[in-house]
file my_file.pdb (PDB, C-alpha atoms)
ATOM      1  CA  MET J   1       0.000   0.000   0.000  1.00  0.00           C
ATOM      2  CA  ALA J   2       2.762   2.451   0.954  1.00  0.00           C
ATOM      3  CA  VAL J   3       4.701   1.629  -2.220  1.00  0.00           C
ATOM      4  CA  ASN J   4       1.615   2.172  -4.380  1.00  0.00           C
ATOM      5  CA  LEU J   5       0.864   5.462  -2.632  1.00  0.00           C
ATOM      6  CA  CYS J   6       4.410   6.685  -3.199  1.00  0.00           C
ATOM      7  CA  ARG J   7       4.211   5.604  -6.847  1.00  0.00           C
ATOM      8  CA  ARG J   8       0.975   7.523  -7.366  1.00  0.00           C
ATOM      9  CA  ARG J   9       2.500  10.646  -5.808  1.00  0.00           C
ATOM     10  CA  VAL J  10       5.520  10.455  -8.115  1.00  0.00           C
ATOM     11  CA  THR J  11       3.289   9.915 -11.155  1.00  0.00           C
ATOM     12  CA  ARG J  12       1.136  12.948 -10.318  1.00  0.00           C
ATOM     13  CA  ALA J  13       4.267  15.024  -9.687  1.00  0.00           C
ATOM     14  CA  LEU J  14       5.829  14.045 -13.019  1.00  0.00           C
ATOM     15  CA  LEU J  15       2.650  14.901 -14.914  1.00  0.00           C
ATOM     16  CA  GLY J  16       2.269  18.310 -13.292  1.00  0.00           C
ATOM     17  CA  ILE J  17       5.896  19.416 -13.072  1.00  0.00           C
ATOM     18  CA  ASP J  18       7.171  22.614 -14.686  1.00  0.00           C
ATOM     19  CA  PRO J  19      10.651  21.656 -15.991  1.00  0.00           C
ATOM     20  CA  ILE J  20      12.005  25.224 -15.912  1.00  0.00           C
ATOM     21  CA  ARG J  21      10.887  25.888 -12.350  1.00  0.00           C
ATOM     22  CA  PHE J  22      12.148  22.472 -11.316  1.00  0.00           C
ATOM     23  CA  VAL J  23      15.647  23.220 -12.637  1.00  0.00           C
ATOM     24  CA  TYR J  24      15.676  26.671 -10.992  1.00  0.00           C
ATOM     25  CA  PHE J  25      14.662  25.137  -7.667  1.00  0.00           C
ATOM     26  CA  ILE J  26      17.340  22.435  -7.872  1.00  0.00           C
ATOM     27  CA  VAL J  27      20.008  25.059  -8.587  1.00  0.00           C
ATOM     28  CA  ALA J  28      18.783  27.217  -5.664  1.00  0.00           C
ATOM     29  CA  LEU J  29      18.801  24.246  -3.297  1.00  0.00           C
ATOM     30  CA  LEU J  30      22.298  23.186  -4.362  1.00  0.00           C
ATOM     31  CA  ALA J  31      23.526  26.750  -3.817  1.00  0.00           C
ATOM     32  CA  ALA J  32      21.974  26.840  -0.342  1.00  0.00           C
ATOM     33  CA  LEU J  33      23.500  23.464   0.528  1.00  0.00           C
ATOM     34  CA  THR J  34      26.916  24.638  -0.639  1.00  0.00           C
ATOM     35  CA  VAL J  35      26.842  27.666   1.669  1.00  0.00           C
ATOM     36  CA  HIS J  36      25.474  25.504   4.478  1.00  0.00           C
ATOM     37  CA  GLU J  37      28.203  22.849   4.334  1.00  0.00           C
ATOM     38  CA  SER J  38      30.980  25.378   3.806  1.00  0.00           C
ATOM     39  CA  ALA J  39      29.842  27.189   6.973  1.00  0.00           C
ATOM     40  CA  HIS J  40      30.175  23.969   8.975  1.00  0.00           C
ATOM     41  CA  ALA J  41      33.788  23.595   7.833  1.00  0.00           C
ATOM     42  CA  LEU J  42      34.570  27.280   8.387  1.00  0.00           C
ATOM     43  CA  VAL J  43      33.277  27.386  11.973  1.00  0.00           C
ATOM     44  CA  ALA J  44      34.983  24.085  12.799  1.00  0.00           C
ATOM     45  CA  ASP J  45      38.235  25.637  11.560  1.00  0.00           C
ATOM     46  CA  TRP J  46      37.630  28.771  13.664  1.00  0.00           C
ATOM     47  CA  LEU J  47      37.074  26.560  16.717  1.00  0.00           C
ATOM     48  CA  GLY J  48      40.328  24.689  16.205  1.00  0.00           C
ATOM     49  CA  ASP J  49      39.647  21.727  13.920  1.00  0.00           C
ATOM     50  CA  PRO J  50      41.192  22.142  10.448  1.00  0.00           C
ATOM     51  CA  THR J  51      39.956  18.790   9.068  1.00  0.00           C
ATOM     52  CA  GLY J  52      37.290  20.269   6.799  1.00  0.00           C
ATOM     53  CA  ARG J  53      39.592  23.013   5.550  1.00  0.00           C
ATOM     54  CA  ARG J  54      42.326  20.506   4.693  1.00  0.00           C
ATOM     55  CA  LEU J  55      39.784  18.474   2.697  1.00  0.00           C
ATOM     56  CA  GLY J  56      38.768  21.522   0.680  1.00  0.00           C
ATOM     57  CA  ARG J  57      35.360  21.894   2.301  1.00  0.00           C
ATOM     58  CA  ILE J  58      35.615  25.659   2.896  1.00  0.00           C
ATOM     59  CA  SER J  59      34.553  26.197  -0.690  1.00  0.00           C
ATOM     60  CA  LEU J  60      31.662  27.610  -2.694  1.00  0.00           C
ATOM     61  CA  ASN J  61      32.169  24.926  -5.330  1.00  0.00           C
ATOM     62  CA  PRO J  62      29.068  22.672  -5.086  1.00  0.00           C
ATOM     63  CA  LEU J  63      31.072  19.653  -6.250  1.00  0.00           C
ATOM     64  CA  ALA J  64      33.066  19.769  -2.996  1.00  0.00           C
ATOM     65  CA  HIS J  65      29.895  19.171  -0.984  1.00  0.00           C
ATOM     66  CA  LEU J  66      27.683  16.865  -3.057  1.00  0.00           C
ATOM     67  CA  ASP J  67      26.610  13.616  -1.420  1.00  0.00           C
ATOM     68  CA  PRO J  68      25.255  10.970  -3.840  1.00  0.00           C
ATOM     69  CA  THR J  69      22.360   9.918  -1.602  1.00  0.00           C
ATOM     70  CA  GLY J  70      21.567  13.477  -0.549  1.00  0.00           C
ATOM     71  CA  THR J  71      21.600  14.674  -4.153  1.00  0.00           C
ATOM     72  CA  LEU J  72      19.288  11.838  -5.193  1.00  0.00           C
ATOM     73  CA  MET J  73      16.991  12.808  -2.316  1.00  0.00           C
ATOM     74  CA  ILE J  74      16.867  16.378  -3.652  1.00  0.00           C
ATOM     75  CA  PHE J  75      15.469  15.167  -6.965  1.00  0.00           C
ATOM     76  CA  MET J  76      13.101  12.564  -5.503  1.00  0.00           C
ATOM     77  CA  SER J  77      11.681  14.770  -2.763  1.00  0.00           C
ATOM     78  CA  SER J  78      11.343  17.706  -5.177  1.00  0.00           C
ATOM     79  CA  LEU J  79       9.127  15.531  -7.371  1.00  0.00           C
ATOM     80  CA  LEU J  80       6.933  14.935  -4.318  1.00  0.00           C
ATOM     81  CA  GLY J  81       6.726  18.667  -3.633  1.00  0.00           C
ATOM     82  CA  VAL J  82       9.023  18.697  -0.573  1.00  0.00           C
ATOM     83  CA  GLY J  83      12.461  19.547  -1.943  1.00  0.00           C
ATOM     84  CA  ILE J  84      14.735  18.183   0.765  1.00  0.00           C
ATOM     85  CA  GLY J  85      18.273  16.879   0.521  1.00  0.00           C
ATOM     86  CA  TRP J  86      21.657  17.102   2.135  1.00  0.00           C
ATOM     87  CA  GLY J  87      25.281  17.622   1.299  1.00  0.00           C
ATOM     88  CA  LYS J  88      28.277  15.464   2.129  1.00  0.00           C
ATOM     89  CA  PRO J  89      28.851  15.701   5.903  1.00  0.00           C
ATOM     90  CA  VAL J  90      31.852  17.795   6.885  1.00  0.00           C
ATOM     91  CA  PRO J  91      34.349  15.667   8.845  1.00  0.00           C
ATOM     92  CA  VAL J  92      34.970  17.178  12.260  1.00  0.00           C
ATOM     93  CA  ASN J  93      37.188  15.966  15.094  1.00  0.00           C
ATOM     94  CA  PRO J  94      35.175  17.123  18.124  1.00  0.00           C
ATOM     95  CA  PHE J  95      38.152  16.778  20.455  1.00  0.00           C
ATOM     96  CA  ASN J  96      39.973  19.550  18.577  1.00  0.00           C
ATOM     97  CA  LEU J  97      37.185  22.059  19.164  1.00  0.00           C
ATOM     98  CA  ARG J  98      37.529  24.814  21.718  1.00  0.00           C
ATOM     99  CA  GLY J  99      34.788  24.686  24.323  1.00  0.00           C
ATOM    100  CA  GLY J 100      34.770  20.886  24.371  1.00  0.00           C
ATOM    101  CA  PRO J 101      33.292  18.271  22.025  1.00  0.00           C
ATOM    102  CA  LYS J 102      29.675  18.708  23.098  1.00  0.00           C
ATOM    103  CA  THR J 103      29.458  22.504  22.892  1.00  0.00           C
ATOM    104  CA  GLY J 104      31.847  22.713  19.958  1.00  0.00           C
ATOM    105  CA  MET J 105      29.828  20.294  17.836  1.00  0.00           C
ATOM    106  CA  ALA J 106      26.631  22.210  18.660  1.00  0.00           C
ATOM    107  CA  LEU J 107      28.231  25.428  17.422  1.00  0.00           C
ATOM    108  CA  VAL J 108      29.490  23.764  14.249  1.00  0.00           C
ATOM    109  CA  ALA J 109      26.027  22.316  13.639  1.00  0.00           C
ATOM    110  CA  ALA J 110      24.292  25.653  14.215  1.00  0.00           C
ATOM    111  CA  ALA J 111      26.609  27.345  11.714  1.00  0.00           C
ATOM    112  CA  GLY J 112      24.880  25.676   8.759  1.00  0.00           C
ATOM    113  CA  PRO J 113      21.327  26.965   9.363  1.00  0.00           C
ATOM    114  CA  ALA J 114      22.736  30.310  10.562  1.00  0.00           C
ATOM    115  CA  SER J 115      24.618  30.746   7.274  1.00  0.00           C
ATOM    116  CA  ASN J 116      21.429  30.097   5.289  1.00  0.00           C
ATOM    117  CA  LEU J 117      19.496  32.677   7.320  1.00  0.00           C
ATOM    118  CA  LEU J 118      22.323  35.194   6.922  1.00  0.00           C
ATOM    119  CA  LEU J 119      22.400  34.649   3.156  1.00  0.00           C
ATOM    120  CA  ALA J 120      18.599  34.928   2.976  1.00  0.00           C
ATOM    121  CA  THR J 121      18.778  38.253   4.870  1.00  0.00           C
ATOM    122  CA  VAL J 122      21.442  39.667   2.542  1.00  0.00           C
ATOM    123  CA  LEU J 123      19.483  38.613  -0.549  1.00  0.00           C
ATOM    124  CA  ALA J 124      16.234  40.031   0.855  1.00  0.00           C
ATOM    125  CA  LEU J 125      17.963  43.366   1.472  1.00  0.00           C
ATOM    126  CA  ALA J 126      19.283  43.295  -2.095  1.00  0.00           C
ATOM    127  CA  LEU J 127      15.716  42.791  -3.357  1.00  0.00           C
ATOM    128  CA  GLN J 128      14.599  45.919  -1.487  1.00  0.00           C
ATOM    129  CA  GLN J 129      17.296  48.087  -3.093  1.00  0.00           C
ATOM    130  CA  ASP J 130      15.814  47.870  -6.597  1.00  0.00           C
ATOM    131  CA  LEU J 131      19.120  46.654  -7.995  1.00  0.00           C
ATOM    132  CA  PRO J 132      19.422  45.453 -11.613  1.00  0.00           C
ATOM    133  CA  LEU J 133      19.248  41.817 -10.557  1.00  0.00           C
ATOM    134  CA  PRO J 134      16.787  39.036 -11.500  1.00  0.00           C
ATOM    135  CA  THR J 135      14.239  39.422  -8.708  1.00  0.00           C
ATOM    136  CA  TRP J 136      12.621  36.020  -9.286  1.00  0.00           C
ATOM    137  CA  ALA J 137      15.970  34.282  -8.785  1.00  0.00           C
ATOM    138  CA  LEU J 138      16.739  36.226  -5.605  1.00  0.00           C
ATOM    139  CA  HIS J 139      13.263  35.534  -4.254  1.00  0.00           C
ATOM    140  CA  LEU J 140      13.681  31.808  -4.883  1.00  0.00           C
ATOM    141  CA  LEU J 141      17.086  31.825  -3.192  1.00  0.00           C
ATOM    142  CA  VAL J 142      15.696  33.629  -0.130  1.00  0.00           C
ATOM    143  CA  VAL J 143      12.818  31.195   0.280  1.00  0.00           C
ATOM    144  CA  THR J 144      15.039  28.154  -0.312  1.00  0.00           C
ATOM    145  CA  ASN J 145      17.626  29.270   2.236  1.00  0.00           C
ATOM    146  CA  VAL J 146      14.996  30.022   4.886  1.00  0.00           C
ATOM    147  CA  PHE J 147      13.269  26.680   4.545  1.00  0.00           C
ATOM    148  CA  LEU J 148      16.565  24.778   4.380  1.00  0.00           C
ATOM    149  CA  ALA J 149      17.592  26.403   7.676  1.00  0.00           C
ATOM    150  CA  VAL J 150      14.246  25.598   9.289  1.00  0.00           C
ATOM    151  CA  PHE J 151      14.320  22.004   8.039  1.00  0.00           C
ATOM    152  CA  ASN J 152      17.837  21.438   9.336  1.00  0.00           C
ATOM    153  CA  MET J 153      16.858  22.581  12.816  1.00  0.00           C
ATOM    154  CA  ILE J 154      14.472  19.634  13.227  1.00  0.00           C
ATOM    155  CA  PRO J 155      15.960  17.694  16.184  1.00  0.00           C
ATOM    156  CA  VAL J 156      16.183  14.413  14.265  1.00  0.00           C
ATOM    157  CA  PRO J 157      19.564  12.907  13.411  1.00  0.00           C
ATOM    158  CA  PRO J 158      21.489  13.480  11.221  1.00  0.00           C
ATOM    159  CA  LEU J 159      20.079  17.024  10.983  1.00  0.00           C
ATOM    160  CA  ASP J 160      21.799  19.958  12.669  1.00  0.00           C
ATOM    161  CA  GLY J 161      18.956  20.505  15.122  1.00  0.00           C
ATOM    162  CA  PHE J 162      19.714  17.151  16.742  1.00  0.00           C
ATOM    163  CA  ARG J 163      23.352  18.091  17.335  1.00  0.00           C
ATOM    164  CA  VAL J 164      22.333  21.514  18.674  1.00  0.00           C
ATOM    165  CA  LEU J 165      19.867  19.859  21.062  1.00  0.00           C
ATOM    166  CA  ILE J 166      22.593  17.487  22.275  1.00  0.00           C
ATOM    167  CA  GLY J 167      24.781  20.520  22.994  1.00  0.00           C
ATOM    168  CA  ILE J 168      22.062  22.310  24.961  1.00  0.00           C
ATOM    169  CA  LEU J 169      20.925  19.379  27.121  1.00  0.00           C
ATOM    170  CA  PRO J 170      22.704  18.374  30.343  1.00  0.00           C
ATOM    171  CA  ASN J 171      25.199  15.547  29.953  1.00  0.00           C
ATOM    172  CA  GLY J 172      22.920  12.739  31.179  1.00  0.00           C
ATOM    173  CA  PRO J 173      19.964  13.367  28.828  1.00  0.00           C
ATOM    174  CA  ALA J 174      22.352  14.319  26.020  1.00  0.00           C
ATOM    175  CA  TYR J 175      24.224  11.016  26.151  1.00  0.00           C
ATOM    176  CA  ALA J 176      20.957   9.085  26.376  1.00  0.00           C
ATOM    177  CA  LEU J 177      19.544  10.914  23.352  1.00  0.00           C
ATOM    178  CA  ALA J 178      22.766  10.388  21.399  1.00  0.00           C
ATOM    179  CA  ARG J 179      21.962   6.659  21.240  1.00  0.00           C
ATOM    180  CA  VAL J 180      19.156   7.484  18.807  1.00  0.00           C
ATOM    181  CA  GLU J 181      21.673   8.804  16.276  1.00  0.00           C
ATOM    182  CA  GLN J 182      22.269   5.387  14.711  1.00  0.00           C
ATOM    183  CA  TYR J 183      18.607   5.292  13.627  1.00  0.00           C
ATOM    184  CA  GLY J 184      18.705   8.830  12.224  1.00  0.00           C
ATOM    185  CA  PRO J 185      18.744   8.199   8.459  1.00  0.00           C
ATOM    186  CA  ALA J 186      15.779   5.829   8.683  1.00  0.00           C
ATOM    187  CA  LEU J 187      13.825   8.274  10.847  1.00  0.00           C
ATOM    188  CA  LEU J 188      14.567  11.098   8.421  1.00  0.00           C
ATOM    189  CA  LEU J 189      13.424   9.106   5.395  1.00  0.00           C
ATOM    190  CA  LEU J 190      10.201   8.172   7.182  1.00  0.00           C
ATOM    191  CA  LEU J 191       9.612  11.828   8.032  1.00  0.00           C
ATOM    192  CA  VAL J 192      10.203  13.051   4.474  1.00  0.00           C
ATOM    193  CA  PHE J 193       8.223  10.412   2.591  1.00  0.00           C
ATOM    194  CA  PHE J 194       5.458   9.507   5.025  1.00  0.00           C
ATOM    195  CA  GLY J 195       5.195  12.554   7.275  1.00  0.00           C
ATOM    196  CA  GLY J 196       4.758  15.097   4.494  1.00  0.00           C
ATOM    197  CA  GLY J 197       1.751  16.787   6.087  1.00  0.00           C
ATOM    198  CA  LEU J 198       3.464  17.170   9.457  1.00  0.00           C
ATOM    199  CA  LEU J 199       6.677  18.331   7.814  1.00  0.00           C
ATOM    200  CA  SER J 200       4.846  20.911   5.691  1.00  0.00           C
ATOM    201  CA  ARG J 201       3.072  22.321   8.754  1.00  0.00           C
ATOM    202  CA  TYR J 202       6.358  22.532  10.645  1.00  0.00           C
ATOM    203  CA  LEU J 203       8.128  24.322   7.798  1.00  0.00           C
ATOM    204  CA  SER J 204       5.231  26.740   7.367  1.00  0.00           C
ATOM    205  CA  PHE J 205       4.912  27.422  11.104  1.00  0.00           C
ATOM    206  CA  PHE J 206       8.549  28.454  11.508  1.00  0.00           C
ATOM    207  CA  GLY J 207       9.480  29.507   7.971  1.00  0.00           C
ATOM    208  CA  THR J 208       6.598  31.853   7.170  1.00  0.00           C
ATOM    209  CA  PRO J 209       7.247  34.261  10.093  1.00  0.00           C
ATOM    210  CA  ILE J 210      10.904  34.514   9.058  1.00  0.00           C
ATOM    211  CA  LEU J 211       9.885  35.323   5.489  1.00  0.00           C
ATOM    212  CA  ARG J 212       7.492  37.997   6.825  1.00  0.00           C
ATOM    213  CA  VAL J 213      10.331  39.607   8.786  1.00  0.00           C
ATOM    214  CA  LEU J 214      12.382  39.618   5.583  1.00  0.00           C
ATOM    215  CA  GLY J 215       9.489  41.194   3.692  1.00  0.00           C
ATOM    216  CA  MET J 216       8.966  38.114   1.528  1.00  0.00           C
ATOM    217  CA  ALA J 217       5.539  36.915   2.699  1.00  0.00           C
TER
END
call {"tool": "encode", "arguments": {"input": "my_file.pdb", "output": "C-alpha cells"}}
result
Amino acid sequence: MAVNLCRRRVTRALLGIDPIRFVYFIVALLAALTVHESAHALVADWLGDPTGRRLGRISLNPLAHLDPTGTLMIFMSSLLGVGIGWGKPVPVNPFNLRGGPKTGMALVAAAGPASNLLLATVLALALQQDLPLPTWALHLLVVTNVFLAVFNMIPVPPLDGFRVLIGILPNGPAYALARVEQYGPALLLLLVFFGGGLLSRYLSFFGTPILRVLGMA
C-alpha cells in the first residue's frame, strides 16, 4: 500500500511538473547546501579543527559538498513537492574544538542553518534596493535558504537541530539521546516520505514568520 501510494505521488508530480521551475529550484537548493556545508567547515576551523579546511570543504564549489544519496533525495523529494536533501557531511574531530566536544559540535552544527538565514537576509535586502538583478531568482534563493535552515533545525539525526539539542541538554539526557543517532537516516526518510503533512506544517509554522520579517511573505 505504501509503495503504491508513493508511486501515485511520483506519477502525479511528473505529470504536473514545470521543468524550468524544477531546474531553478534544484540550482537554488544546491547553492543553499553549498553555503550551508561550507559554513560547517569554516566554523569548525575557527574553533580549532582544520579537518574540513584541509579536505577543501571551505569552498563555494558545489562539487566539494555533493553527497550521492543526498543529491538523489533532492530530486526525488522535489518531485513529491518537498524539496529536501543534504550535502556530504563535513568531517569534524570534536576533540579539537575549543569549548569541548559537546558545545563545539553544537556550534558547528548551528553554523549551517545560521549561514542560510544570513544569506537569505542579505538577498532580501538586495531585493529591497531595486538593484538590476533578476528578482525572481533572488526571491527563490531567499525562500530556499529560509526553509533549508528551518528544516535542518528539526531535532532528528542526522540534521543539525539534533546536534544543537545534544549541545544544549545536560550531559545525562544528552548522552541518552545520542543513542538514537544510529537510527537517524531511517527516521529522516520516514519523516520526508510519510510525514509530508506534518513536515509541511512545521516548515510553514517556523518559515513563514521569518519570510514575513524579511518582507517576503
call {"tool": "resolve_selection", "arguments": {"input": "my_file.pdb", "expression": "the PyMOL selection byres ((chain J and resi 177) around 12)", "output": "ChimeraX atom specification"}}
result
/J:155-157,162-176,178-184
call {"tool": "closest_residue", "arguments": {"input": "my_file.pdb", "among": "J:Met216, J:Leu42, J:Leu148, J:Ala114", "to": "Ile74 (chain J)", "atoms": "all atoms listed in the file"}}
result
J:Leu148
call {"tool": "resolve_selection", "arguments": {"input": "my_file.pdb", "expression": "the PyMOL selection byres ((chain J and resi 49-61) around 12)", "output": "number ranges by chain"}}
result
J: 30-48, 62-66, 87-101, 104-105, 108
call {"tool": "closest_residue", "arguments": {"input": "my_file.pdb", "among": "J:Gly112, J:Pro19, J:Pro185, J:Pro134", "to": "Met73 (chain J)", "atoms": "only C-alpha atoms"}}
result
J:Pro185
call {"tool": "resolve_selection", "arguments": {"input": "my_file.pdb", "expression": "the PyMOL selection byres ((chain J and resi 151-153) around 9)", "output": "PyMOL selection string"}}
result
chain J and resi 84+110+112-113+146-150+154-156+158-162+164+199+202-203+207
call {"tool": "atom_distance", "arguments": {"input": "my_file.pdb", "atom1": "CA of Trp86 (chain J)", "atom2": "CA of Thr69 (chain J)"}}
result
8.1 Å
call {"tool": "closest_residue", "arguments": {"input": "my_file.pdb", "among": "J:Ala137, J:Val192, J:Val142, J:Ile26", "to": "Leu125 (chain J)", "atoms": "only C-alpha atoms"}}
result
J:Val142
call {"tool": "atom_distance", "arguments": {"input": "my_file.pdb", "atom1": "CA of Gln128 (chain J)", "atom2": "CA of Val213 (chain J)"}}
result
12.8 Å
call {"tool": "atom_distance", "arguments": {"input": "my_file.pdb", "atom1": "CA of Asn116 (chain J)", "atom2": "CA of Asn145 (chain J)"}}
result
4.9 Å
call {"tool": "residues_around", "arguments": {"input": "my_file.pdb", "residues": "region 23-25 of chain J", "least_positions_apart": "3", "cutoff": "8 Å", "atoms": "only C-alpha atoms", "output": "PyMOL selection string"}}
result
chain J and resi 19-20+28-29+137+140+144
call {"tool": "write_last_selection", "arguments": {"input": "my_file.pdb", "atoms": "C-alpha atoms", "output": "compact mmCIF listing (two decimals), in the coordinates of the input"}}
result
# COMPACT_ATOMS: atom_id res chain seq x y z
CA PRO J 19 10.65 21.66 -15.99
CA ILE J 20 12.00 25.22 -15.91
CA ALA J 28 18.78 27.22 -5.66
CA LEU J 29 18.80 24.25 -3.30
CA ALA J 137 15.97 34.28 -8.78
CA LEU J 140 13.68 31.81 -4.88
CA THR J 144 15.04 28.15 -0.31
call {"tool": "axis_aligned_box", "arguments": {"input": "my_file.pdb", "around": "region 26-31 of chain J", "padding_each_side": "3 Å", "output": "lines of an AutoDock Vina configuration file"}}
result
center_x = 20.4
center_y = 24.8
center_z = -5.9
size_x = 12.2
size_y = 10.8
size_z = 11.3
call {"tool": "closest_residue", "arguments": {"input": "my_file.pdb", "among": "J:Ser115, J:Gly70, J:Phe22, J:Thr135", "to": "Leu188 (chain J)", "atoms": "all atoms listed in the file"}}
result
J:Gly70
call {"tool": "closest_residue", "arguments": {"input": "my_file.pdb", "among": "J:Leu187, J:Leu72, J:Val143, J:Val122", "to": "Ser204 (chain J)", "atoms": "all atoms listed in the file"}}
result
J:Val143
call {"tool": "build_atoms", "arguments": {"input": "my_file.pdb", "residues": "region 99-115 of chain J", "atoms": "N, CA and C atoms", "output": "PDB file, keeping the file's coordinate frame"}}
result
ATOM      1  N   GLY J  99      36.072  24.738  23.648  1.00  0.00           N
ATOM      2  CA  GLY J  99      34.788  24.686  24.323  1.00  0.00           C
ATOM      3  C   GLY J  99      34.338  23.272  24.608  1.00  0.00           C
ATOM      4  N   GLY J 100      35.107  22.275  24.119  1.00  0.00           N
ATOM      5  CA  GLY J 100      34.770  20.886  24.371  1.00  0.00           C
ATOM      6  C   GLY J 100      33.973  20.281  23.239  1.00  0.00           C
ATOM      7  N   PRO J 101      33.981  18.947  23.141  1.00  0.00           N
ATOM      8  CA  PRO J 101      33.292  18.271  22.025  1.00  0.00           C
ATOM      9  C   PRO J 101      31.803  18.566  21.956  1.00  0.00           C
ATOM     10  N   LYS J 102      31.132  18.566  23.087  1.00  0.00           N
ATOM     11  CA  LYS J 102      29.675  18.708  23.098  1.00  0.00           C
ATOM     12  C   LYS J 102      29.250  20.098  22.632  1.00  0.00           C
ATOM     13  N   THR J 103      29.793  21.132  23.263  1.00  0.00           N
ATOM     14  CA  THR J 103      29.458  22.504  22.892  1.00  0.00           C
ATOM     15  C   THR J 103      30.010  22.854  21.514  1.00  0.00           C
ATOM     16  N   GLY J 104      31.232  22.412  21.240  1.00  0.00           N
ATOM     17  CA  GLY J 104      31.847  22.713  19.958  1.00  0.00           C
ATOM     18  C   GLY J 104      31.063  22.151  18.796  1.00  0.00           C
ATOM     19  N   MET J 105      30.606  20.905  18.912  1.00  0.00           N
ATOM     20  CA  MET J 105      29.828  20.294  17.836  1.00  0.00           C
ATOM     21  C   MET J 105      28.482  20.990  17.660  1.00  0.00           C
ATOM     22  N   ALA J 106      27.898  21.469  18.767  1.00  0.00           N
ATOM     23  CA  ALA J 106      26.631  22.210  18.660  1.00  0.00           C
ATOM     24  C   ALA J 106      26.833  23.503  17.887  1.00  0.00           C
ATOM     25  N   LEU J 107      27.946  24.182  18.132  1.00  0.00           N
ATOM     26  CA  LEU J 107      28.231  25.428  17.422  1.00  0.00           C
ATOM     27  C   LEU J 107      28.492  25.174  15.942  1.00  0.00           C
ATOM     28  N   VAL J 108      29.235  24.118  15.646  1.00  0.00           N
ATOM     29  CA  VAL J 108      29.490  23.764  14.249  1.00  0.00           C
ATOM     30  C   VAL J 108      28.181  23.425  13.541  1.00  0.00           C
ATOM     31  N   ALA J 109      27.317  22.682  14.223  1.00  0.00           N
ATOM     32  CA  ALA J 109      26.027  22.316  13.639  1.00  0.00           C
ATOM     33  C   ALA J 109      25.167  23.545  13.381  1.00  0.00           C
ATOM     34  N   ALA J 110      25.128  24.456  14.349  1.00  0.00           N
ATOM     35  CA  ALA J 110      24.292  25.653  14.215  1.00  0.00           C
ATOM     36  C   ALA J 110      24.775  26.568  13.096  1.00  0.00           C
ATOM     37  N   ALA J 111      26.050  26.462  12.744  1.00  0.00           N
ATOM     38  CA  ALA J 111      26.609  27.345  11.714  1.00  0.00           C
ATOM     39  C   ALA J 111      25.934  27.153  10.369  1.00  0.00           C
ATOM     40  N   GLY J 112      25.518  25.930  10.058  1.00  0.00           N
ATOM     41  CA  GLY J 112      24.880  25.676   8.759  1.00  0.00           C
ATOM     42  C   GLY J 112      23.579  26.438   8.595  1.00  0.00           C
ATOM     43  N   PRO J 113      22.578  26.206   9.464  1.00  0.00           N
ATOM     44  CA  PRO J 113      21.327  26.965   9.363  1.00  0.00           C
ATOM     45  C   PRO J 113      21.542  28.477   9.501  1.00  0.00           C
ATOM     46  N   ALA J 114      22.482  28.879  10.381  1.00  0.00           N
ATOM     47  CA  ALA J 114      22.736  30.310  10.562  1.00  0.00           C
ATOM     48  C   ALA J 114      23.246  30.936   9.268  1.00  0.00           C
ATOM     49  N   SER J 115      24.087  30.210   8.539  1.00  0.00           N
ATOM     50  CA  SER J 115      24.618  30.746   7.274  1.00  0.00           C
ATOM     51  C   SER J 115      23.504  30.915   6.246  1.00  0.00           C
TER      52      SER J 115
END
